Amino acid sequence: MQSNDEYKRLFFGFEVKAPWPTDLPEGRFLAPEDRHLTIAFLGKASLPALLKSLKDFPKPRFLVGKAGFFDKDLFLPPGKPRVIAWHVSWWEQNNAVNGFQKNFVKWLQGLGYKLDDRPFLPHVTLARSPFKKDDWQKAFVKLPICIKALHLYESVGNLVYKPCWSYPLTSPFEEFEHTADMAFEVTGENYNQLYFNAFTSLAFKYPSLVKYFCYHDTINDLDTIIDLLNSIISRADQHEGCPIKAVSYHGNVEKIEQNILRWEMIADV
Amino acid sequence: MYDLQEKAPATYTMPQQGDMNVPGLIIATSKLMSDPSFNEPLKQVHNVATLPGIVGYSIAMPDIHWGYGFPIGGVAAMDPKDGVISPGGVGYDINCGVRMALLPILFEDLDPKKRFKLIRKIFDMVPAGVGSSHKNIKKLSDNDYQMLCSKGARWSIEQGYGFEEDLLHIENEGTIEGSDAGVVSSSARDRARKQMGTLGSGNHFIEIGSIEKVVDSPIAQQWGVIPSQAYILIHSGSRGFGHQICQDTISFFNKRGYAEGLPDRQLVAAPIDSDDGRRYFSSMAAAANFAFNNRQQILHLVRLAIDDVLGIPPEQVPLLYDITHNIAKFETHENRRLCIHRKGATRALGPGDNALSAPFKKTGQPVLVPGDMGRASYLMAGLGNKDTWCSACHGAGRACSRMQALKNWKNKDPLAHMHKEGVEVIAASKRTIAEEMPDAYKPVDDVVDAVQRAGLAKQIARLRPYLVIKG
């Protein structure tokens, strides 16, 4: 017999990072650390039963967290919106997150969970009503975003969410100390991803760069990545100024565990 | 890690080993060397010593810190026949440099009400910060580029920005010979068309303060420097123009295979005596001349602001000196022509050097050492130290990363702190203020002490900032 204590409000989602604006309009905010990208909403479910099933969950095909940008604002549900969310568009076309979400939902349905069949809408909720739609529409800016670990979250109330199970992903980038300039450890499963993730790390520092992103998916070497990033920086600097002046040629790409590529990127500021 | 051996006061050698073509020479005191962060850039001193054609030593100044390729605070002389020229040995901000001008008034005599008005006026007149540009002026045309790149600071003076006399007070009299705007990419020209006479962001600044202490009265007197006098320091460079030239060249040199076998691709370098090497020198000189013009025009705007707020006309605000600290230049040392790379280091010619202009022939060259915006900067005089190809430090050097500085000042009010310390700061970005707070820099006194003890330059005056504009 199962006790009621086992039943929680549960959902699966990716932990997200973004350079969140600090001057957003009024609303009931989710704290930055509670913002997430939901992939499957379960509602009330038995936590122990789910944890047991998760031993065999269909893992994502990607090892490194994906990156993209917020391309538009969403007011959900459309008729009488109660939620302000920002829609996520991935840098990679045919992004694996969408594929993973589909498989994962199918797997959960196979376990007997009743899940929404609507098409996946990758988004991050920022706040709930009451809010002024006009103010939020004006406040929207395109920002970079990346996902980190996959979590099973418990909704504990007051817009607070507690991870109760996690599946880690390699971080797409991490800033590290550099005395004079700006430095990041960038990872990717191939050179295209290394480019997307390096770009995202720079855009976290200067979100306006998102406007200048240039899609490329046939990259095979580090020099091409550096040239592409520098070309973006040049255009941004010419049009509106950019605090990042150039990406240096310091460092090489190395393979770390599970064939993940790693690059120590230093940018001149 | 490296077995440094004391050669002379505040002077250590790094023995030549492995693939090094010359030994290293480290200018530092034991106090500076006890900082754990001092070791990291020594690897870069080693790497520079492996470059072909390097002569003498791979040299580190006491404000050395970790760069990419060359350390910041590095000096390397190359033989023009066998040696190489490295854009990474100059840096992205080609001819980033400092100029100092003097006011004919004691700082304490500046009406306190007018002090903030003055700094505000300068801030309004000199565009500062990310993307700072002159929105209402004509863009630089290709013909303008041609002229300013060949004439150097003289071009601005011909346009009415300053006085003929200013040229004698600029390193190389404001022109690096051999420039050619024709070899510069259109993207470099486009990037900077509206940036002439702008400060930029990062650690660039305009500062007004007081000559806190005169250490060497005879030289100070010859330079027109007196205790408590108000001074102006301007720190800026070649803006997007220099950055793009450096970027274009490093990319091109890498594609040409010049980085093969180097320990760091940012060290990539072409033979000086090659078409590629000459082409880089010509474009670098063009950017250097852009920077001389940039600082000339910024000073012009500062002079106009002073005239407007204090009623002191521009001709009564003489330029003391303008030095570059990111450059590669041909210089003659002991009858030998060499290409000297100074990245985060300055020239420091001693008395009697033929390369000095008349006002400084007897005294040696003024060396400007900005510290940080809260404590002090220094005015020094070069001593013509032969081991360092007559070089000196360029500043205090960062003590911590920008990331750490932001953490240090998170949830605090750096502007209020500076105000409490007696320094009024205006900046285009609050983030920059936190990144540039005094505790992000080494104490400049320690750096200057090492430079003096090693015999590179001597102290003339200590400067105390009171009014600061940050980019």
# chains A, B, ... in the order shown; residues from 1 in each chain; ligands from 1

call {"tool": "residues_around", "arguments": {"residues": "region 429-433 of chain B", "least_positions_apart": "5", "cutoff": "8 Å", "atoms": "only C-alpha atoms", "output": "PDB file with N, CA and C atoms, in the first residue's frame"}}
result
ATOM      1  N   GLY B 129      33.047  54.285 -23.340  1.00  0.00           N
ATOM      2  CA  GLY B 129      32.295  53.058 -23.112  1.00  0.00           C
ATOM      3  C   GLY B 129      32.166  52.221 -24.368  1.00  0.00           C
ATOM      4  N   SER B 201      36.333  51.283 -24.034  1.00  0.00           N
ATOM      5  CA  SER B 201      35.883  50.685 -22.773  1.00  0.00           C
ATOM      6  C   SER B 201      37.038  49.984 -22.069  1.00  0.00           C
ATOM      7  N   GLY B 202      36.702  49.105 -21.148  1.00  0.00           N
ATOM      8  CA  GLY B 202      37.725  48.337 -20.426  1.00  0.00           C
ATOM      9  C   GLY B 202      38.515  49.217 -19.474  1.00  0.00           C
ATOM     10  N   ASN B 203      39.850  49.143 -19.569  1.00  0.00           N
ATOM     11  CA  ASN B 203      40.671  49.885 -18.600  1.00  0.00           C
ATOM     12  C   ASN B 203      41.052  51.282 -19.105  1.00  0.00           C
ATOM     13  N   LEU B 406      34.526  41.549  -9.975  1.00  0.00           N
ATOM     14  CA  LEU B 406      33.059  41.666  -9.914  1.00  0.00           C
ATOM     15  C   LEU B 406      32.519  40.980  -8.668  1.00  0.00           C
ATOM     16  N   PRO B 414      30.535  50.520  -5.435  1.00  0.00           N
ATOM     17  CA  PRO B 414      31.904  50.985  -5.667  1.00  0.00           C
ATOM     18  C   PRO B 414      32.011  52.500  -5.840  1.00  0.00           C
ATOM     19  N   LEU B 415      30.956  53.108  -6.430  1.00  0.00           N
ATOM     20  CA  LEU B 415      31.001  54.565  -6.621  1.00  0.00           C
ATOM     21  C   LEU B 415      31.023  55.289  -5.275  1.00  0.00           C
ATOM     22  N   LYS B 470      35.821  56.493 -16.607  1.00  0.00           N
ATOM     23  CA  LYS B 470      36.138  55.152 -17.081  1.00  0.00           C
ATOM     24  C   LYS B 470      35.236  54.813 -18.263  1.00  0.00           C
ATOM     25  N   GLY B 471      35.766  54.020 -19.156  1.00  0.00           N
ATOM     26  CA  GLY B 471      35.010  53.637 -20.348  1.00  0.00           C
ATOM     27  C   GLY B 471      33.884  52.670 -20.048  1.00  0.00           C
TER      28      GLY B 471
END

call {"tool": "interface_residues", "arguments": {"of": "chain A", "to": "chain B", "cutoff": "7 Å", "atoms": "only C-alpha atoms", "output": "MDAnalysis selection string"}}
result
chainID A and resid 177:180 234 237:238 240:243 245:246 248:251 269

call {"tool": "atom_distance", "arguments": {"atom1": "CA of Met284 (chain B)", "atom2": "CA of Asn95 (chain B)"}}
result
8.6 Å

call {"tool": "closest_residue", "arguments": {"among": "A:Asp117, A:Asp227, A:Glu175, A:Glu26", "to": "Trp136 (chain A)", "atoms": "only C-alpha atoms"}}
result
A:Glu26

call {"tool": "select_by_dssp", "arguments": {"residues": "region 9-235 of chain A", "states": "helix (DSSP H, G or I)", "output": "PyMOL selection string"}}
result
chain A and resi 32-34+47-56+96-110+133-139+191-205+207-212+222-235

call {"tool": "closest_residue", "arguments": {"among": "B:Cys390, B:Ile426, B:Ala450, B:Ile460", "to": "Phe116 (chain B)", "atoms": "only C-alpha atoms"}}
result
B:Ile426

call {"tool": "residues_around", "arguments": {"residues": "region 326-335 of chain B", "least_positions_apart": "2", "cutoff": "7 Å", "atoms": "only C-alpha atoms", "output": "number ranges by chain"}}
result
B: 90-91, 93-96, 324, 337-345, 389

call {"tool": "residues_around", "arguments": {"residues": "Val126 (chain B)", "least_positions_apart": "5", "cutoff": "10 Å", "atoms": "only C-alpha atoms", "output": "mmCIF file with N, CA and C atoms, in the first residue's frame"}}
result
data_model
loop_
_atom_site.group_PDB
_atom_site.id
_atom_site.type_symbol
_atom_site.label_atom_id
_atom_site.label_comp_id
_atom_site.auth_asym_id
_atom_site.auth_seq_id
_atom_site.Cartn_x
_atom_site.Cartn_y
_atom_site.Cartn_z
ATOM 1 N N LYS B 121 31.602 67.531 -17.870
ATOM 2 C CA LYS B 121 31.727 68.150 -19.196
ATOM 3 C C LYS B 121 32.621 67.283 -20.097
ATOM 4 N N SER B 132 31.498 53.451 -28.054
ATOM 5 C CA SER B 132 31.533 54.912 -28.038
ATOM 6 C C SER B 132 31.959 55.427 -29.401
ATOM 7 N N SER B 133 31.160 56.334 -29.916
ATOM 8 C CA SER B 133 31.490 56.908 -31.218
ATOM 9 C C SER B 133 30.919 58.321 -31.280
ATOM 10 N N HIS B 134 31.470 59.092 -32.181
ATOM 11 C CA HIS B 134 30.943 60.438 -32.388
ATOM 12 C C HIS B 134 29.776 60.332 -33.356
ATOM 13 N N GLY B 197 38.811 59.947 -31.661
ATOM 14 C CA GLY B 197 38.525 60.877 -30.562
ATOM 15 C C GLY B 197 37.592 60.286 -29.519
ATOM 16 N N THR B 198 37.595 58.955 -29.406
ATOM 17 C CA THR B 198 36.742 58.293 -28.406
ATOM 18 C C THR B 198 37.608 57.439 -27.486
ATOM 19 N N LEU B 199 37.132 57.301 -26.251
ATOM 20 C CA LEU B 199 37.948 56.645 -25.230
ATOM 21 C C LEU B 199 37.920 55.129 -25.321
ATOM 22 N N GLY B 200 36.736 54.562 -25.597
ATOM 23 C CA GLY B 200 36.597 53.104 -25.593
ATOM 24 C C GLY B 200 36.235 52.607 -24.207
ATOM 25 N N ILE B 206 40.176 58.616 -18.433
ATOM 26 C CA ILE B 206 40.705 59.987 -18.337
ATOM 27 C C ILE B 206 40.714 60.307 -16.849
ATOM 28 N N GLN B 297 43.163 63.897 -30.301
ATOM 29 C CA GLN B 297 41.823 64.486 -30.390
ATOM 30 C C GLN B 297 41.090 64.428 -29.053
ATOM 31 N N ILE B 298 41.364 63.387 -28.274
ATOM 32 C CA ILE B 298 40.759 63.337 -26.929
ATOM 33 C C ILE B 298 41.302 64.500 -26.098
ATOM 34 N N LEU B 299 42.615 64.716 -26.167
ATOM 35 C CA LEU B 299 43.189 65.830 -25.396
ATOM 36 C C LEU B 299 42.580 67.153 -25.849
ATOM 37 N N HIS B 300 42.378 67.283 -27.149
ATOM 38 C CA HIS B 300 41.767 68.512 -27.666
ATOM 39 C C HIS B 300 40.403 68.747 -27.001
ATOM 40 N N LEU B 301 39.597 67.680 -26.936
ATOM 41 C CA LEU B 301 38.264 67.809 -26.331
ATOM 42 C C LEU B 301 38.369 68.133 -24.845
ATOM 43 N N VAL B 302 39.352 67.534 -24.178
ATOM 44 C CA VAL B 302 39.558 67.827 -22.751
ATOM 45 C C VAL B 302 39.966 69.291 -22.584
ATOM 46 N N ALA B 305 36.956 71.419 -22.860
ATOM 47 C CA ALA B 305 36.125 71.323 -21.649
ATOM 48 C C ALA B 305 36.725 72.179 -20.534
ATOM 49 N N ILE B 469 37.226 59.357 -15.300
ATOM 50 C CA ILE B 469 36.226 58.856 -16.257
ATOM 51 C C ILE B 469 36.704 57.482 -16.713
#

call {"tool": "residues_around", "arguments": {"residues": "Glu185 (chain A)", "least_positions_apart": "5", "cutoff": "6 Å", "atoms": "only C-alpha atoms", "output": "list in words"}}
result
Phe173, Glu174, Trp263 and Glu264 of chain A

call {"tool": "select_by_dssp", "arguments": {"residues": "region 88-238 of chain A", "states": "strand (DSSP E)", "output": "NGL selection string"}}
result
:A and (88-90 or 123-128 or 143-157 or 160-167 or 173-176 or 182-188)

call {"tool": "residues_around", "arguments": {"residues": "Arg347 (chain B)", "least_positions_apart": "6", "cutoff": "8 Å", "atoms": "only C-alpha atoms", "output": "PyMOL selection string"}}
result
chain B and resi 323-325+367+382+390-392

call {"tool": "write_last_selection", "arguments": {"atoms": "N, CA, C and O atoms", "output": "compact mmCIF listing (two decimals), in the first residue's frame"}}
result
# COMPACT_ATOMS: atom_id res chain seq x y z
N ILE B 323 53.10 58.34 -24.47
CA ILE B 323 53.88 57.13 -24.76
C ILE B 323 52.97 55.97 -25.15
O ILE B 323 51.80 55.91 -24.75
N THR B 324 53.55 55.10 -25.92
CA THR B 324 52.83 53.90 -26.33
C THR B 324 53.30 52.71 -25.49
O THR B 324 54.48 52.63 -25.14
N HIS B 325 52.37 51.79 -25.19
CA HIS B 325 52.83 50.58 -24.49
C HIS B 325 52.39 49.28 -25.16
O HIS B 325 52.49 48.22 -24.56
N VAL B 367 58.33 58.78 -18.50
CA VAL B 367 57.70 57.45 -18.51
C VAL B 367 56.45 57.57 -17.64
O VAL B 367 56.54 57.96 -16.48
N GLY B 382 63.14 58.03 -17.94
CA GLY B 382 63.89 56.87 -18.42
C GLY B 382 65.37 57.00 -18.11
O GLY B 382 65.94 58.10 -18.10
N CYS B 390 66.18 49.82 -23.23
CA CYS B 390 65.60 51.09 -22.77
C CYS B 390 64.08 50.98 -22.62
O CYS B 390 63.32 51.67 -23.29
N SER B 391 63.68 50.08 -21.75
CA SER B 391 62.24 49.88 -21.55
C SER B 391 61.88 50.03 -20.08
O SER B 391 62.76 50.01 -19.21
N ALA B 392 60.59 50.16 -19.82
CA ALA B 392 60.10 50.20 -18.44
C ALA B 392 58.67 49.65 -18.40
O ALA B 392 58.12 49.28 -19.45

call {"tool": "closest_residue", "arguments": {"among": "A:Gly27, A:Gly112, A:Gly13, A:Pro58", "to": "Ser166 (chain A)", "atoms": "only C-alpha atoms"}}
result
A:Gly13

call {"tool": "residues_around", "arguments": {"residues": "Leu111 (chain A)", "least_positions_apart": "5", "cutoff": "10 Å", "atoms": "only C-alpha atoms", "output": "list in words"}}
result
Leu50, Ser53, Val105 and Lys106 of chain A

call {"tool": "closest_residue", "arguments": {"among": "B:Ala287, B:Val369, B:Val48, B:Ala381", "to": "Lys458 (chain B)", "atoms": "only C-alpha atoms"}}
result
B:Ala381
